[in-house]
Amino acid sequence: MKRRTAVFAVLALISALTLAPPATADLKASPNAVVVWDLNAQTAIWDVAQQAPPQVAGRGFAMVSGAVYDAVNAIAGTPYQPYLVAPRASGRESVDAAVGTAAYRVLEAIFPAQRQRLRVQYNEWLAGIPDGPAKRGGVRVGAKAATAMIDARKGDGAFDPRLWTTGTKPGEYRPTPPGFENTGAWVGFLKPFAIPDATMFRTPGPPPVTSHAYTRDFDEVKRLGSATSEVRTADQTDAALWWHDRRSVSWGMKRDLAVTQGLGVLETARFYALADFTGTDGAIACANDKEFWHFWRPITAIHAAGTDGNPDTTPDPGWTPLVVTPPNPDYPSGHTCRTAAQMTGYAHFFGRDDVPFSAYSADSGSTRHFRGFSQATAEVVEARIWAGIHFRSADVDGTTLGTAVGHHITEHHLQPRR
């Protein structure tokens, strides 16, 4: 039997999984194919394609997770609502073959330049599955689920060359240093995965630049978010760097939860689909709201405070944030939108908030631990201020938007059918 590429590198992680009672004997397969192919997706999306912004990478993860979920759910007898399709299945198909095929076909469609590398990876995966009707059946089910996903995402608006609205009036967004880029506005107009309309979660908007609320937010981020802040603590700095990890520590969070909570293959597939739909649609709704309000970032506001019409804000032309400001408007915060949406989904999935989890960040070189989902959401609100890239109003209202997205998706998608 050939070694499966990337599998043995994560066996120590995956072997900790204890599988839930399966609908078929094949669901006892180990290692957990869903976890393995999610890692393979991360390699394709992040390591090779270098889709660094989480809101951009989210589309690929959601496509893979949705197709994998539909394939596994069908083999299990469709105990949950299908996302797009429920391919015909007897329950005797190989789940490993179905998961690998669904993920591979989706990734190949998204990244044609990686076709050869992905094909080698897929062939090595299939080589570890005994030949026979179960294997062929799993390949068939996975292929049908992937085709449905690929067809559903054609013309979805991805990577459209749309620019963010900019302006020169106080409060209006303008590109930020060091790159002064204006890219990624298409995310706000991408076809959502599970919400009907990206505009249905509109926030109240940022406070006027002459208001007391704005002055409070301005002073807070200026003091705590500076690269040279003398009042930000070491733990706050660690949290700011940890949450800013461009590999998105949320990927690590969902894997940690799958492992520590002993999710079976079917439940992992459902959990991952829920995680990626809530996170991605949270990002889509958030980006749409960002474009609607096109509010300036703290670095712009602090540099231009002498012209904002607010006598209580003081400019500092040399001020820089702890981390590089992302190339999109401030309000609302994309990270709090995505995190709140996912944590709301997680609490629904597990039926409670107080589920402990953790994840490691290479950027901060640390692992952060959480007692529950609401604690993580509360920390990311503060972390984006400590990083110097968001006003508090952007973070708080981002959590409101994300929570609403999370509730909508969990109430309308992937529900038990019996």
# chains A, B, ... in the order shown; residues from 1 in each chain; ligands from 1
>>> residues_around(residues="range 233-236 of chain A", least_positions_apart="2", cutoff="7 Å", atoms="only C-alpha atoms", output="ChimeraX atom specification")
/A:231,238-240,383,386
>>> write_last_selection(atoms="N, CA and C atoms", output="short mmCIF file (atom, residue, chain, number, x, y, z; two decimals), in the first residue's frame")
data_model
loop_
_atom_site.label_atom_id
_atom_site.label_comp_id
_atom_site.auth_asym_id
_atom_site.auth_seq_id
_atom_site.Cartn_x
_atom_site.Cartn_y
_atom_site.Cartn_z
N VAL A 231 1.18 50.77 27.09
CA VAL A 231 0.11 50.36 28.01
C VAL A 231 -0.48 49.00 27.63
N ASP A 238 0.16 39.33 22.51
CA ASP A 238 0.09 37.95 22.02
C ASP A 238 -1.26 37.68 21.38
N ALA A 239 -2.33 38.12 22.01
CA ALA A 239 -3.68 37.89 21.47
C ALA A 239 -3.86 38.62 20.14
N ALA A 240 -3.33 39.83 20.05
CA ALA A 240 -3.45 40.59 18.81
C ALA A 240 -2.75 39.88 17.66
N ALA A 383 -8.90 42.06 20.64
CA ALA A 383 -7.65 41.82 19.93
C ALA A 383 -7.48 42.71 18.72
N TRP A 386 -6.31 45.98 20.05
CA TRP A 386 -4.90 45.87 20.46
C TRP A 386 -3.97 45.80 19.25
#
>>> select_by_dssp(residues="range 148-343 of chain A", states="strand (DSSP E or B)", output="ChimeraX atom specification")
/A:172,226,295,321
>>> closest_residue(among="A:Pro87, A:Gly345, A:Pro315, A:Trp293", to="Thr166 in chain A", atoms="only C-alpha atoms")
A:Trp293
>>> residues_around(residues="range 221-230 of chain A", least_positions_apart="4", cutoff="10 Å", atoms="only C-alpha atoms", output="PDB file with all heavy atoms, in the first residue's frame")
ATOM      1  N   ARG A 216     -14.048  58.426  21.832  1.00  0.00           N
ATOM      2  CA  ARG A 216     -13.671  57.347  22.753  1.00  0.00           C
ATOM      3  C   ARG A 216     -12.972  56.217  21.998  1.00  0.00           C
ATOM      4  O   ARG A 216     -11.913  55.731  22.420  1.00  0.00           O
ATOM      5  CB  ARG A 216     -14.924  56.810  23.447  1.00  0.00           C
ATOM      6  CG  ARG A 216     -14.677  55.665  24.430  1.00  0.00           C
ATOM      7  CD  ARG A 216     -15.965  54.897  24.660  1.00  0.00           C
ATOM      8  NE  ARG A 216     -16.445  54.290  23.417  1.00  0.00           N
ATOM      9  CZ  ARG A 216     -17.738  54.109  23.130  1.00  0.00           C
ATOM     10  NH1 ARG A 216     -18.682  54.488  23.967  1.00  0.00           N
ATOM     11  NH2 ARG A 216     -18.091  53.535  21.984  1.00  0.00           N
ATOM     12  N   ASP A 217     -13.556  55.813  20.897  1.00  0.00           N
ATOM     13  CA  ASP A 217     -12.947  54.748  20.096  1.00  0.00           C
ATOM     14  C   ASP A 217     -11.584  55.172  19.558  1.00  0.00           C
ATOM     15  O   ASP A 217     -10.631  54.378  19.535  1.00  0.00           O
ATOM     16  CB  ASP A 217     -13.855  54.386  18.907  1.00  0.00           C
ATOM     17  CG  ASP A 217     -15.085  53.580  19.308  1.00  0.00           C
ATOM     18  OD1 ASP A 217     -15.224  53.278  20.511  1.00  0.00           O
ATOM     19  OD2 ASP A 217     -15.887  53.254  18.415  1.00  0.00           O
ATOM     20  N   GLN A 236      -1.956  40.891  25.824  1.00  0.00           N
ATOM     21  CA  GLN A 236      -2.751  41.563  24.812  1.00  0.00           C
ATOM     22  C   GLN A 236      -2.029  41.588  23.467  1.00  0.00           C
ATOM     23  O   GLN A 236      -2.640  41.394  22.415  1.00  0.00           O
ATOM     24  CB  GLN A 236      -3.078  42.993  25.268  1.00  0.00           C
ATOM     25  CG  GLN A 236      -4.073  43.045  26.411  1.00  0.00           C
ATOM     26  CD  GLN A 236      -4.214  44.428  27.016  1.00  0.00           C
ATOM     27  OE1 GLN A 236      -3.355  45.306  26.823  1.00  0.00           O
ATOM     28  NE2 GLN A 236      -5.281  44.650  27.763  1.00  0.00           N
ATOM     29  N   THR A 237      -0.726  41.789  23.507  1.00  0.00           N
ATOM     30  CA  THR A 237       0.063  41.744  22.271  1.00  0.00           C
ATOM     31  C   THR A 237       0.020  40.354  21.661  1.00  0.00           C
ATOM     32  O   THR A 237      -0.152  40.191  20.446  1.00  0.00           O
ATOM     33  CB  THR A 237       1.523  42.143  22.549  1.00  0.00           C
ATOM     34  OG1 THR A 237       1.553  43.497  23.044  1.00  0.00           O
ATOM     35  CG2 THR A 237       2.379  42.049  21.293  1.00  0.00           C
ATOM     36  N   ALA A 240      -3.331  39.835  20.053  1.00  0.00           N
ATOM     37  CA  ALA A 240      -3.448  40.592  18.806  1.00  0.00           C
ATOM     38  C   ALA A 240      -2.753  39.881  17.659  1.00  0.00           C
ATOM     39  O   ALA A 240      -3.298  39.772  16.548  1.00  0.00           O
ATOM     40  CB  ALA A 240      -2.858  41.985  18.992  1.00  0.00           C
ATOM     41  N   PRO A 298      -8.204  53.171  11.463  1.00  0.00           N
ATOM     42  CA  PRO A 298      -7.551  53.979  12.503  1.00  0.00           C
ATOM     43  C   PRO A 298      -6.287  54.701  12.035  1.00  0.00           C
ATOM     44  O   PRO A 298      -6.081  55.868  12.396  1.00  0.00           O
ATOM     45  CB  PRO A 298      -7.239  52.944  13.586  1.00  0.00           C
ATOM     46  CG  PRO A 298      -8.358  51.959  13.468  1.00  0.00           C
ATOM     47  CD  PRO A 298      -8.594  51.839  11.987  1.00  0.00           C
ATOM     48  N   ILE A 299      -5.438  54.044  11.231  1.00  0.00           N
ATOM     49  CA  ILE A 299      -4.202  54.704  10.821  1.00  0.00           C
ATOM     50  C   ILE A 299      -4.498  55.961  10.015  1.00  0.00           C
ATOM     51  O   ILE A 299      -3.822  56.994  10.178  1.00  0.00           O
ATOM     52  CB  ILE A 299      -3.286  53.741  10.035  1.00  0.00           C
ATOM     53  CG1 ILE A 299      -1.918  54.394   9.803  1.00  0.00           C
ATOM     54  CG2 ILE A 299      -3.928  53.274   8.743  1.00  0.00           C
ATOM     55  CD1 ILE A 299      -0.879  53.438   9.251  1.00  0.00           C
ATOM     56  N   ALA A 301      -7.362  57.725  10.224  1.00  0.00           N
ATOM     57  CA  ALA A 301      -8.033  58.651  11.132  1.00  0.00           C
ATOM     58  C   ALA A 301      -7.043  59.367  12.040  1.00  0.00           C
ATOM     59  O   ALA A 301      -7.165  60.586  12.284  1.00  0.00           O
ATOM     60  CB  ALA A 301      -9.044  57.889  11.974  1.00  0.00           C
ATOM     61  N   ILE A 302      -6.059  58.646  12.538  1.00  0.00           N
ATOM     62  CA  ILE A 302      -5.091  59.241  13.469  1.00  0.00           C
ATOM     63  C   ILE A 302      -4.162  60.197  12.732  1.00  0.00           C
ATOM     64  O   ILE A 302      -3.822  61.270  13.249  1.00  0.00           O
ATOM     65  CB  ILE A 302      -4.317  58.139  14.200  1.00  0.00           C
ATOM     66  CG1 ILE A 302      -5.279  57.374  15.136  1.00  0.00           C
ATOM     67  CG2 ILE A 302      -3.142  58.708  14.992  1.00  0.00           C
ATOM     68  CD1 ILE A 302      -4.708  56.097  15.723  1.00  0.00           C
ATOM     69  N   THR A 314      -6.597  64.268  18.452  1.00  0.00           N
ATOM     70  CA  THR A 314      -5.289  64.869  18.182  1.00  0.00           C
ATOM     71  C   THR A 314      -4.534  64.039  17.160  1.00  0.00           C
ATOM     72  O   THR A 314      -4.378  62.826  17.335  1.00  0.00           O
ATOM     73  CB  THR A 314      -4.452  64.946  19.477  1.00  0.00           C
ATOM     74  OG1 THR A 314      -5.195  65.675  20.472  1.00  0.00           O
ATOM     75  CG2 THR A 314      -3.114  65.625  19.221  1.00  0.00           C
ATOM     76  N   PRO A 315      -4.028  64.653  16.091  1.00  0.00           N
ATOM     77  CA  PRO A 315      -3.327  63.882  15.062  1.00  0.00           C
ATOM     78  C   PRO A 315      -1.940  63.435  15.522  1.00  0.00           C
ATOM     79  O   PRO A 315      -1.321  64.051  16.386  1.00  0.00           O
ATOM     80  CB  PRO A 315      -3.221  64.870  13.901  1.00  0.00           C
ATOM     81  CG  PRO A 315      -3.218  66.216  14.557  1.00  0.00           C
ATOM     82  CD  PRO A 315      -4.138  66.077  15.740  1.00  0.00           C
ATOM     83  N   ASP A 316      -1.492  62.346  14.934  1.00  0.00           N
ATOM     84  CA  ASP A 316      -0.126  61.858  15.137  1.00  0.00           C
ATOM     85  C   ASP A 316       0.329  61.274  13.799  1.00  0.00           C
ATOM     86  O   ASP A 316       0.073  60.111  13.501  1.00  0.00           O
ATOM     87  CB  ASP A 316      -0.086  60.793  16.235  1.00  0.00           C
ATOM     88  CG  ASP A 316       1.337  60.285  16.500  1.00  0.00           C
ATOM     89  OD1 ASP A 316       2.277  60.658  15.742  1.00  0.00           O
ATOM     90  OD2 ASP A 316       1.512  59.492  17.446  1.00  0.00           O
ATOM     91  N   TRP A 319       2.109  57.783  13.731  1.00  0.00           N
ATOM     92  CA  TRP A 319       1.500  56.627  14.398  1.00  0.00           C
ATOM     93  C   TRP A 319       1.396  55.448  13.437  1.00  0.00           C
ATOM     94  O   TRP A 319       0.989  55.601  12.283  1.00  0.00           O
ATOM     95  CB  TRP A 319       0.112  56.994  14.900  1.00  0.00           C
ATOM     96  CG  TRP A 319      -0.551  55.961  15.762  1.00  0.00           C
ATOM     97  CD1 TRP A 319      -0.488  55.858  17.117  1.00  0.00           C
ATOM     98  CD2 TRP A 319      -1.407  54.890  15.317  1.00  0.00           C
ATOM     99  NE1 TRP A 319      -1.244  54.786  17.551  1.00  0.00           N
ATOM    100  CE2 TRP A 319      -1.812  54.169  16.465  1.00  0.00           C
ATOM    101  CE3 TRP A 319      -1.850  54.473  14.060  1.00  0.00           C
ATOM    102  CZ2 TRP A 319      -2.650  53.068  16.402  1.00  0.00           C
ATOM    103  CZ3 TRP A 319      -2.675  53.361  13.982  1.00  0.00           C
ATOM    104  CH2 TRP A 319      -3.076  52.667  15.147  1.00  0.00           C
ATOM    105  N   THR A 320       1.745  54.266  13.921  1.00  0.00           N
ATOM    106  CA  THR A 320       1.563  53.022  13.148  1.00  0.00           C
ATOM    107  C   THR A 320       0.939  51.965  14.048  1.00  0.00           C
ATOM    108  O   THR A 320       1.204  51.929  15.252  1.00  0.00           O
ATOM    109  CB  THR A 320       2.893  52.486  12.590  1.00  0.00           C
ATOM    110  OG1 THR A 320       3.798  52.262  13.687  1.00  0.00           O
ATOM    111  CG2 THR A 320       3.515  53.460  11.603  1.00  0.00           C
ATOM    112  N   PRO A 321       0.134  51.070  13.465  1.00  0.00           N
ATOM    113  CA  PRO A 321      -0.499  50.014  14.264  1.00  0.00           C
ATOM    114  C   PRO A 321       0.481  48.875  14.539  1.00  0.00           C
ATOM    115  O   PRO A 321       1.524  48.761  13.889  1.00  0.00           O
ATOM    116  CB  PRO A 321      -1.640  49.558  13.373  1.00  0.00           C
ATOM    117  CG  PRO A 321      -1.147  49.801  11.982  1.00  0.00           C
ATOM    118  CD  PRO A 321      -0.304  51.042  12.064  1.00  0.00           C
ATOM    119  N   LEU A 322       0.118  48.005  15.471  1.00  0.00           N
ATOM    120  CA  LEU A 322       0.947  46.844  15.795  1.00  0.00           C
ATOM    121  C   LEU A 322       1.096  45.934  14.583  1.00  0.00           C
ATOM    122  O   LEU A 322       2.172  45.391  14.331  1.00  0.00           O
ATOM    123  CB  LEU A 322       0.317  46.067  16.959  1.00  0.00           C
ATOM    124  CG  LEU A 322       0.988  44.738  17.334  1.00  0.00           C
ATOM    125  CD1 LEU A 322       2.402  44.983  17.862  1.00  0.00           C
ATOM    126  CD2 LEU A 322       0.153  43.995  18.368  1.00  0.00           C
ATOM    127  N   VAL A 323       0.016  45.715  13.824  1.00  0.00           N
ATOM    128  CA  VAL A 323       0.063  44.853  12.634  1.00  0.00           C
ATOM    129  C   VAL A 323      -0.306  45.686  11.416  1.00  0.00           C
ATOM    130  O   VAL A 323      -0.888  46.766  11.529  1.00  0.00           O
ATOM    131  CB  VAL A 323      -0.869  43.630  12.769  1.00  0.00           C
ATOM    132  CG1 VAL A 323      -0.548  42.838  14.021  1.00  0.00           C
ATOM    133  CG2 VAL A 323      -2.330  44.056  12.751  1.00  0.00           C
ATOM    134  N   VAL A 324       0.028  45.180  10.254  1.00  0.00           N
ATOM    135  CA  VAL A 324      -0.289  45.889   9.018  1.00  0.00           C
ATOM    136  C   VAL A 324      -1.804  45.891   8.793  1.00  0.00           C
ATOM    137  O   VAL A 324      -2.464  44.856   8.904  1.00  0.00           O
ATOM    138  CB  VAL A 324       0.420  45.241   7.814  1.00  0.00           C
ATOM    139  CG1 VAL A 324      -0.027  45.891   6.509  1.00  0.00           C
ATOM    140  CG2 VAL A 324       1.929  45.345   7.967  1.00  0.00           C
ATOM    141  N   GLU A 382     -11.529  42.590  21.436  1.00  0.00           N
ATOM    142  CA  GLU A 382     -10.428  43.362  22.028  1.00  0.00           C
ATOM    143  C   GLU A 382      -9.151  43.258  21.194  1.00  0.00           C
ATOM    144  O   GLU A 382      -8.414  44.234  21.026  1.00  0.00           O
ATOM    145  CB  GLU A 382     -10.153  42.857  23.454  1.00  0.00           C
ATOM    146  CG  GLU A 382     -11.350  42.822  24.376  1.00  0.00           C
ATOM    147  CD  GLU A 382     -11.973  44.200  24.588  1.00  0.00           C
ATOM    148  OE1 GLU A 382     -11.234  45.206  24.557  1.00  0.00           O
ATOM    149  OE2 GLU A 382     -13.219  44.261  24.753  1.00  0.00           O
ATOM    150  N   ALA A 383      -8.905  42.061  20.641  1.00  0.00           N
ATOM    151  CA  ALA A 383      -7.650  41.819  19.934  1.00  0.00           C
ATOM    152  C   ALA A 383      -7.481  42.708  18.716  1.00  0.00           C
ATOM    153  O   ALA A 383      -6.360  43.120  18.384  1.00  0.00           O
ATOM    154  CB  ALA A 383      -7.562  40.355  19.520  1.00  0.00           C
ATOM    155  N   ARG A 384      -8.579  43.030  18.030  1.00  0.00           N
ATOM    156  CA  ARG A 384      -8.462  43.873  16.841  1.00  0.00           C
ATOM    157  C   ARG A 384      -8.172  45.325  17.211  1.00  0.00           C
ATOM    158  O   ARG A 384      -7.582  46.080  16.416  1.00  0.00           O
ATOM    159  CB  ARG A 384      -9.727  43.770  15.993  1.00  0.00           C
ATOM    160  CG  ARG A 384     -10.076  42.362  15.550  1.00  0.00           C
ATOM    161  CD  ARG A 384      -8.864  41.610  15.011  1.00  0.00           C
ATOM    162  NE  ARG A 384      -8.782  41.694  13.549  1.00  0.00           N
ATOM    163  CZ  ARG A 384      -7.759  41.275  12.840  1.00  0.00           C
ATOM    164  NH1 ARG A 384      -6.707  40.780  13.443  1.00  0.00           N
ATOM    165  NH2 ARG A 384      -7.760  41.378  11.536  1.00  0.00           N
ATOM    166  N   ILE A 385      -8.560  45.717  18.412  1.00  0.00           N
ATOM    167  CA  ILE A 385      -8.191  47.046  18.917  1.00  0.00           C
ATOM    168  C   ILE A 385      -6.723  47.031  19.327  1.00  0.00           C
ATOM    169  O   ILE A 385      -5.956  47.940  18.988  1.00  0.00           O
ATOM    170  CB  ILE A 385      -9.080  47.435  20.119  1.00  0.00           C
ATOM    171  CG1 ILE A 385     -10.538  47.521  19.693  1.00  0.00           C
ATOM    172  CG2 ILE A 385      -8.617  48.770  20.726  1.00  0.00           C
ATOM    173  CD1 ILE A 385     -11.520  47.565  20.847  1.00  0.00           C
ATOM    174  N   TRP A 386      -6.307  45.984  20.048  1.00  0.00           N
ATOM    175  CA  TRP A 386      -4.900  45.866  20.461  1.00  0.00           C
ATOM    176  C   TRP A 386      -3.969  45.796  19.253  1.00  0.00           C
ATOM    177  O   TRP A 386      -2.813  46.216  19.324  1.00  0.00           O
ATOM    178  CB  TRP A 386      -4.712  44.627  21.328  1.00  0.00           C
ATOM    179  CG  TRP A 386      -5.534  44.636  22.585  1.00  0.00           C
ATOM    180  CD1 TRP A 386      -5.959  45.722  23.289  1.00  0.00           C
ATOM    181  CD2 TRP A 386      -6.045  43.490  23.286  1.00  0.00           C
ATOM    182  NE1 TRP A 386      -6.702  45.340  24.378  1.00  0.00           N
ATOM    183  CE2 TRP A 386      -6.772  43.965  24.408  1.00  0.00           C
ATOM    184  CE3 TRP A 386      -5.966  42.116  23.073  1.00  0.00           C
ATOM    185  CZ2 TRP A 386      -7.401  43.118  25.308  1.00  0.00           C
ATOM    186  CZ3 TRP A 386      -6.599  41.265  23.967  1.00  0.00           C
ATOM    187  CH2 TRP A 386      -7.303  41.760  25.075  1.00  0.00           C
ATOM    188  N   ALA A 387      -4.473  45.279  18.140  1.00  0.00           N
ATOM    189  CA  ALA A 387      -3.671  45.208  16.912  1.00  0.00           C
ATOM    190  C   ALA A 387      -3.570  46.558  16.220  1.00  0.00           C
ATOM    191  O   ALA A 387      -2.733  46.747  15.330  1.00  0.00           O
ATOM    192  CB  ALA A 387      -4.273  44.183  15.958  1.00  0.00           C
ATOM    193  N   GLY A 388      -4.454  47.487  16.591  1.00  0.00           N
ATOM    194  CA  GLY A 388      -4.398  48.832  16.027  1.00  0.00           C
ATOM    195  C   GLY A 388      -5.091  48.992  14.692  1.00  0.00           C
ATOM    196  O   GLY A 388      -4.862  49.977  13.989  1.00  0.00           O
ATOM    197  N   ILE A 389      -5.977  48.056  14.337  1.00  0.00           N
ATOM    198  CA  ILE A 389      -6.553  48.097  12.989  1.00  0.00           C
ATOM    199  C   ILE A 389      -8.067  48.287  12.965  1.00  0.00           C
ATOM    200  O   ILE A 389      -8.647  48.396  11.886  1.00  0.00           O
ATOM    201  CB  ILE A 389      -6.175  46.824  12.205  1.00  0.00           C
ATOM    202  CG1 ILE A 389      -6.624  45.563  12.939  1.00  0.00           C
ATOM    203  CG2 ILE A 389      -4.668  46.790  11.955  1.00  0.00           C
ATOM    204  CD1 ILE A 389      -6.365  44.281  12.156  1.00  0.00           C
ATOM    205  N   HIS A 390      -8.712  48.336  14.128  1.00  0.00           N
ATOM    206  CA  HIS A 390     -10.159  48.545  14.161  1.00  0.00           C
ATOM    207  C   HIS A 390     -10.559  49.413  15.344  1.00  0.00           C
ATOM    208  O   HIS A 390      -9.963  49.329  16.432  1.00  0.00           O
ATOM    209  CB  HIS A 390     -10.911  47.213  14.282  1.00  0.00           C
ATOM    210  CG  HIS A 390     -11.080  46.481  12.992  1.00  0.00           C
ATOM    211  ND1 HIS A 390     -11.776  46.997  11.931  1.00  0.00           N
ATOM    212  CD2 HIS A 390     -10.649  45.259  12.599  1.00  0.00           C
ATOM    213  CE1 HIS A 390     -11.755  46.126  10.934  1.00  0.00           C
ATOM    214  NE2 HIS A 390     -11.070  45.065  11.311  1.00  0.00           N
ATOM    215  N   PHE A 391     -11.585  50.226  15.125  1.00  0.00           N
ATOM    216  CA  PHE A 391     -12.242  50.930  16.218  1.00  0.00           C
ATOM    217  C   PHE A 391     -13.186  49.945  16.915  1.00  0.00           C
ATOM    218  O   PHE A 391     -13.679  48.990  16.301  1.00  0.00           O
ATOM    219  CB  PHE A 391     -13.059  52.105  15.686  1.00  0.00           C
ATOM    220  CG  PHE A 391     -12.235  53.189  15.049  1.00  0.00           C
ATOM    221  CD1 PHE A 391     -12.285  53.394  13.680  1.00  0.00           C
ATOM    222  CD2 PHE A 391     -11.424  54.002  15.827  1.00  0.00           C
ATOM    223  CE1 PHE A 391     -11.547  54.397  13.088  1.00  0.00           C
ATOM    224  CE2 PHE A 391     -10.673  55.008  15.240  1.00  0.00           C
ATOM    225  CZ  PHE A 391     -10.725  55.210  13.866  1.00  0.00           C
ATOM    226  N   ARG A 392     -13.465  50.197  18.181  1.00  0.00           N
ATOM    227  CA  ARG A 392     -14.331  49.294  18.941  1.00  0.00           C
ATOM    228  C   ARG A 392     -15.710  49.146  18.306  1.00  0.00           C
ATOM    229  O   ARG A 392     -16.276  48.046  18.263  1.00  0.00           O
ATOM    230  CB  ARG A 392     -14.473  49.775  20.392  1.00  0.00           C
ATOM    231  CG  ARG A 392     -15.370  48.870  21.244  1.00  0.00           C
ATOM    232  CD  ARG A 392     -15.325  49.245  22.714  1.00  0.00           C
ATOM    233  NE  ARG A 392     -14.024  48.949  23.291  1.00  0.00           N
ATOM    234  CZ  ARG A 392     -13.632  47.766  23.756  1.00  0.00           C
ATOM    235  NH1 ARG A 392     -14.470  46.724  23.669  1.00  0.00           N
ATOM    236  NH2 ARG A 392     -12.445  47.607  24.270  1.00  0.00           N
TER     237      ARG A 392
END
>>> closest_residue(among="A:Ile409, A:Ala158, A:Val85, A:Val139", to="Ala97 in chain A", atoms="only C-alpha atoms")
A:Val139
>>> select_by_dssp(residues="range 101-251 of chain A", states="helix (DSSP H, G or I)", output="MDAnalysis selection string")
chainID A and resid 101:110 112:127 133:152 185:189 198:201 212:224 234:243 249:251
>>> write_last_selection(atoms="C-alpha atoms", output="mmCIF file, in the first residue's frame")
data_model
loop_
_atom_site.group_PDB
_atom_site.id
_atom_site.type_symbol
_atom_site.label_atom_id
_atom_site.label_comp_id
_atom_site.auth_asym_id
_atom_site.auth_seq_id
_atom_site.Cartn_x
_atom_site.Cartn_y
_atom_site.Cartn_z
ATOM 1 C CA THR A 101 -13.140 12.300 -4.455
ATOM 2 C CA ALA A 102 -15.447 15.147 -3.451
ATOM 3 C CA ALA A 103 -12.596 17.231 -2.069
ATOM 4 C CA TYR A 104 -10.209 16.437 -4.910
ATOM 5 C CA ARG A 105 -12.708 17.241 -7.657
ATOM 6 C CA VAL A 106 -13.607 20.576 -6.066
ATOM 7 C CA LEU A 107 -9.984 21.573 -5.470
ATOM 8 C CA GLU A 108 -9.016 20.599 -9.020
ATOM 9 C CA ALA A 109 -11.817 22.772 -10.388
ATOM 10 C CA ILE A 110 -10.786 25.755 -8.259
ATOM 11 C CA PRO A 112 -6.412 23.949 -12.356
ATOM 12 C CA ALA A 113 -2.736 24.924 -12.065
ATOM 13 C CA GLN A 114 -2.417 22.405 -9.213
ATOM 14 C CA ARG A 115 -4.060 19.569 -11.168
ATOM 15 C CA GLN A 116 -0.977 17.357 -11.386
ATOM 16 C CA ARG A 117 -0.057 17.726 -7.703
ATOM 17 C CA LEU A 118 -3.633 17.135 -6.606
ATOM 18 C CA ARG A 119 -3.972 14.090 -8.861
ATOM 19 C CA VAL A 120 -0.900 12.485 -7.289
ATOM 20 C CA GLN A 121 -2.283 13.193 -3.828
ATOM 21 C CA TYR A 122 -5.677 11.756 -4.744
ATOM 22 C CA ASN A 123 -4.224 8.636 -6.371
ATOM 23 C CA GLU A 124 -2.151 7.901 -3.288
ATOM 24 C CA TRP A 125 -5.265 8.310 -1.152
ATOM 25 C CA LEU A 126 -7.271 5.919 -3.309
ATOM 26 C CA ALA A 127 -4.393 3.412 -3.273
ATOM 27 C CA PRO A 133 -17.725 -2.088 -5.375
ATOM 28 C CA ALA A 134 -17.471 -0.014 -2.160
ATOM 29 C CA LYS A 135 -14.554 1.974 -3.507
ATOM 30 C CA ARG A 136 -16.181 2.523 -6.894
ATOM 31 C CA GLY A 137 -19.423 3.519 -5.218
ATOM 32 C CA GLY A 138 -17.655 6.016 -2.974
ATOM 33 C CA VAL A 139 -15.917 7.584 -5.950
ATOM 34 C CA ARG A 140 -19.267 7.886 -7.731
ATOM 35 C CA VAL A 141 -21.010 9.532 -4.770
ATOM 36 C CA GLY A 142 -18.123 11.918 -4.143
ATOM 37 C CA ALA A 143 -17.951 12.899 -7.810
ATOM 38 C CA LYS A 144 -21.677 13.700 -7.946
ATOM 39 C CA ALA A 145 -21.469 15.841 -4.812
ATOM 40 C CA ALA A 146 -18.464 17.709 -6.205
ATOM 41 C CA THR A 147 -20.147 18.304 -9.567
ATOM 42 C CA ALA A 148 -23.186 19.813 -7.841
ATOM 43 C CA MET A 149 -20.963 22.189 -5.871
ATOM 44 C CA ILE A 150 -18.845 23.198 -8.863
ATOM 45 C CA ASP A 151 -21.957 23.888 -10.932
ATOM 46 C CA ALA A 152 -23.572 25.870 -8.110
ATOM 47 C CA ALA A 185 -14.247 44.375 -2.647
ATOM 48 C CA TRP A 186 -15.731 41.482 -4.669
ATOM 49 C CA VAL A 187 -16.118 39.475 -1.461
ATOM 50 C CA GLY A 188 -19.076 41.638 -0.469
ATOM 51 C CA PHE A 189 -20.857 40.756 -3.705
ATOM 52 C CA ALA A 198 -25.662 39.660 1.839
ATOM 53 C CA THR A 199 -27.534 42.924 2.483
ATOM 54 C CA MET A 200 -30.055 41.502 4.960
ATOM 55 C CA PHE A 201 -27.770 42.015 7.991
ATOM 56 C CA HIS A 212 -18.221 61.389 21.775
ATOM 57 C CA ALA A 213 -18.460 57.696 20.857
ATOM 58 C CA TYR A 214 -16.015 58.179 18.000
ATOM 59 C CA THR A 215 -13.640 60.170 20.219
ATOM 60 C CA ARG A 216 -13.671 57.347 22.753
ATOM 61 C CA ASP A 217 -12.947 54.748 20.096
ATOM 62 C CA PHE A 218 -10.250 56.936 18.549
ATOM 63 C CA ASP A 219 -8.393 57.468 21.819
ATOM 64 C CA GLU A 220 -8.616 53.789 22.738
ATOM 65 C CA VAL A 221 -7.097 52.381 19.555
ATOM 66 C CA LYS A 222 -4.511 55.152 19.396
ATOM 67 C CA ARG A 223 -3.339 54.289 22.904
ATOM 68 C CA LEU A 224 -3.625 50.476 22.868
ATOM 69 C CA ALA A 234 2.282 41.205 26.815
ATOM 70 C CA ASP A 235 -0.805 38.973 26.774
ATOM 71 C CA GLN A 236 -2.751 41.563 24.812
ATOM 72 C CA THR A 237 0.063 41.744 22.271
ATOM 73 C CA ASP A 238 0.090 37.954 22.024
ATOM 74 C CA ALA A 239 -3.679 37.894 21.472
ATOM 75 C CA ALA A 240 -3.448 40.592 18.806
ATOM 76 C CA LEU A 241 -0.811 38.649 16.874
ATOM 77 C CA TRP A 242 -2.574 35.316 17.418
ATOM 78 C CA TRP A 243 -5.911 36.517 16.048
ATOM 79 C CA VAL A 249 -6.388 30.174 13.462
ATOM 80 C CA SER A 250 -10.063 29.384 12.928
ATOM 81 C CA TRP A 251 -8.921 26.424 10.815
#
